[in-house]
Amino acid sequence: MEVLVYLVPLALMLGGLGLAGFLWSLKSGQFDDLDGAAWRAIADDDPPQVPQK
Amino acid sequence: MALTRDYSHYIKELGPGIAHLDLAVEGVSCAGCMAKIERGLSAIPDVTRARVNLTDRRLAVEWKKGAVDPAALIDRLAELGYKAYPFEPVRAEIVEAEQSRFLLRCLGVAAFAAMNVMMLSIPVWSGNVSDMLPEQRDFFHWLSALIVLPAAAYAGQPFFQSAWRALKAGGVNMDVPISIGVILALGMSVVETIHHAEHAYFDAAVMLLTFLLAGRYLDQNMRRRTRAVAGNLAALKAETAAKFVSPDEISEVPAASIRAGDIVLLRPGERSAVDGEVIEGRSEIDQSLITGETRHVAAGKGTPVYAGTMNVSGALRVRVAAAAEGTLLAEITRLLDNALQARSRYVQLADRASRLYAPVVHVTALLTMLGWVALGASWHDAIVTAIAVLIITCPCALGLAIPAVQTVVAGAMFRAGVLINSGDAIERVADVDTVVFDKTGTLTLPDLDVVNAQNIPADVFGLAGRLALASRHPVAAAVARAAGARAPLPGAVEEPGRGVRAVVDGAEVRLGSPSFCNVDGLANEILSRDPEVSVVAFRRGAQCHVFAVRQQLRADAAAAIAALKQRGIAVELLSGDREPAVHHAAQALGVDVWRAGVTPADKIARIEELKRQGRKVMMVGDGMNDAPSLAAASVSMSPVSAAHLSQATADLVFLGKELSPVVAAIDHSRKAVRLMKQNIWLAVGYNALAVPVAIVGLATPLIAAAAMSGSSVLVMLNALRARGAGLEVR
């Protein structure tokens, strides 16, 4: 059962990582336009990427 | 006179030297449109960003400040085939977007906590029946507490806040039992963990929050979506005014940026966005949107002009008066305020259910505790069992029962062309047994249409349409629209109050009043046959024609009214228009109860009378004069073409040229309320099965989790049935 010493923190860290990823994607506006995102994935080619700022 | 467009009111500055403009774009529907617009705008030098939001049908553009004229961007979009309107998000929409993001954040936190806690709970559940050491179980319980307590404190905020508000106001809503359940479950679990007990309910508490947040987020998202569409429509109808920036230079500015003392130009066919006084020019003014009176009022120097009135013939210079609200509007606003105050607050189904539910549940828990103590159990065991009852009955499915249906139905109604303005509209629509219609703009189409098109040769029609483009007179605009004209005739000259003329292939062509074209005889003949029409004459050399123009009934109006009657709903027609016109419409549509020439106050009186008879009245109207009666009715609906005030008052807004959305709204709402009630009974029934288990003290965390997710899924699946409400009016 000593293995719990590694596994439990590891599991918590992975969970935390997932949550952090979700919060980041939310903050960067990836959930603002779900319809658009669905279509962009199958667009022929990406519109020209213009660097921001 | 030079005309420029001024968008500075809408432009935001983002950081140093970057200008940002939000546009509502018409006709964006697919990936192709997005790519076309984004590529087309990015190709303009100095545009740094162009991003389409397909959900909201909006476009965000950014450019180096001062390097690009915003009008050029809109022109570029027009070249690409998209009409765009500068857009200013209203306060309510910003708040709603913020709320929806917060709910999603809470949902994320709760869902991740629930998943990770399950990883710890399942070993405990299986360990309890095998060989888990008590130390290991305690360790897992403490880990669960570490994950759940902060997560619940954060993700529970929407419920705690709402419950606190309800309690402070001396009421009870669904969030009160939810909050009590969650807090007691967590508190008891901590105490039990300290005492090395076998059961802790951390997983149940966070799972409950996750399910409820999912329902709430979906509900909020649907509402935000319809609000965005409504916002776009407002942008598309945004009132602008032609303001004099110098004695001979005018600029098209948003009405919101006009100040008292400014001088604006009111062109023929234009609706005034301001209140003021005429300082130059002669014309006639149509005040029908405000008073319902269809006869025009003569205007000259010194005549007051009110927002919402239409200038019919000549151009007017108007000095803007101090007050933003007109005096004519003041009367309507007063009626509106009274009606809104008198409107009895509708108690939503969810609140009614929770008013019954909360006391029953809390009393059951209390009796359980007292019962166990009376049977000789320790206080500790009795309290634990009582809390288990609260956890089992925590209205998880009950909390989902209504939002889940609402979300699905709002989506279905959205597809049928109905936007929902107020949250509880669905429940109120379902009760309706009487529908009161306004005539002008509601049963009829808002725009004038040519009725004798079949009598006029196509080439003449086309030419007249192109000539009509030179005039802003509403009747000329109807001819241009009916002809589908796009290219104006070069060199067309408008003679104010008479018509337009131009020279084509050496011959003069004229479009205007019958006397302007010398065809009074023909025009009088048409007028004697149908006194409701307006006429406009056309002459090319010796050839002459007369167009008859009037407001047409919506194509499916008769079918929609028949459909309403078939559903057992009484239909009435109340109009401010003259008797022959109303009589004619009522007869054509098969409406037996109608009144003509009614004032806004009369309309309210009639609605109040119906309400006193115990009828549930739905008012459908569009004019500014309908706004008070819209507020007085138990539920109200406006076409999208309605005056701003009416649309803001109405509970529902319908799109398009058809009346069938009115029937669709009623059908969908009735089905929705049926499903909501079913869902409530499903949830209650589920609890009735689980509660005895909890009362006898057998509700382990495993049973609690299973009961909760089982009932939630059942309710969600039932709600999905609202999607396929097949409906045909014709």
# chains A, B, ... in the order shown; residues from 1 in each chain; ligands from 1

$ residues_around --residues "range 110-124 of chain B" --least-positions-apart "5" --cutoff "9 Å" --atoms "only C-alpha atoms" --output "ChimeraX atom specification"
/A:11-12,15-16,18-19 /B:105,129,132,136-137,140-141,143-145,147-148,151-152,154-156,198-199,202-207,209-211,213,701-702

$ interface_residues --of "chain B" --to "chain A" --cutoff "6 Å" --atoms "only C-alpha atoms" --output "list in words"
Ala31, Ala35, Arg39, Asn53, Leu54 and Thr55 of chain B

$ select_by_dssp --residues "range 299-474 of chain B" --states "alpha helix (DSSP H)" --output "number ranges by chain"
B: 327-342, 349-374, 379-393, 396-415, 425-430, 458-468, 474

$ select_by_dssp --residues "range 334-483 of chain B" --states "strand (DSSP E or B)" --output "VMD selection string"
chain B and resid 418 to 420 434 to 437 444 to 450

$ residues_around --residues "Arg486 in chain B" --least-positions-apart "4" --cutoff "12 Å" --atoms "only C-alpha atoms" --output "list in words"
Gly462, Leu463, Ala464, Gly465, Arg466, Leu467, Ala468, Leu469, Ala470, Ala477, Val479, Ala480, Arg481 and Ala482 of chain B

$ write_last_selection --atoms "N, CA and C atoms" --output "compact mmCIF listing (two decimals), in the first residue's frame"
# COMPACT_ATOMS: atom_id res chain seq x y z
N GLY B 462 -40.28 47.38 -63.59
CA GLY B 462 -38.85 47.47 -63.30
C GLY B 462 -38.36 48.90 -63.37
N LEU B 463 -38.79 49.61 -64.41
CA LEU B 463 -38.35 51.00 -64.61
C LEU B 463 -38.89 51.88 -63.46
N ALA B 464 -40.16 51.68 -63.12
CA ALA B 464 -40.76 52.46 -62.04
C ALA B 464 -40.04 52.19 -60.73
N GLY B 465 -39.66 50.93 -60.52
CA GLY B 465 -38.94 50.57 -59.30
C GLY B 465 -37.61 51.30 -59.20
N ARG B 466 -36.88 51.33 -60.34
CA ARG B 466 -35.58 52.01 -60.32
C ARG B 466 -35.77 53.50 -60.08
N LEU B 467 -36.81 54.07 -60.69
CA LEU B 467 -37.08 55.49 -60.50
C LEU B 467 -37.46 55.75 -59.04
N ALA B 468 -38.21 54.81 -58.46
CA ALA B 468 -38.68 54.99 -57.08
C ALA B 468 -37.53 55.04 -56.09
N LEU B 469 -36.40 54.43 -56.46
CA LEU B 469 -35.27 54.43 -55.54
C LEU B 469 -34.78 55.84 -55.23
N ALA B 470 -35.10 56.79 -56.12
CA ALA B 470 -34.64 58.16 -55.91
C ALA B 470 -35.46 58.86 -54.82
N ALA B 477 -41.07 53.71 -51.80
CA ALA B 477 -40.21 52.64 -51.30
C ALA B 477 -40.88 51.29 -51.50
N VAL B 479 -42.95 50.50 -53.94
CA VAL B 479 -42.85 50.16 -55.36
C VAL B 479 -41.46 49.62 -55.66
N ALA B 480 -40.43 50.28 -55.12
CA ALA B 480 -39.05 49.85 -55.37
C ALA B 480 -38.84 48.44 -54.82
N ARG B 481 -39.40 48.18 -53.64
CA ARG B 481 -39.22 46.88 -53.01
C ARG B 481 -39.91 45.79 -53.81
N ALA B 482 -41.16 46.10 -54.23
CA ALA B 482 -41.94 45.11 -54.97
C ALA B 482 -41.28 44.80 -56.32

$ residues_around --residues "Thr303 in chain B" --least-positions-apart "2" --cutoff "12 Å" --atoms "only C-alpha atoms" --output "VMD selection string"
chain B and resid 275 to 285 297 to 301 305 to 306 316 to 319
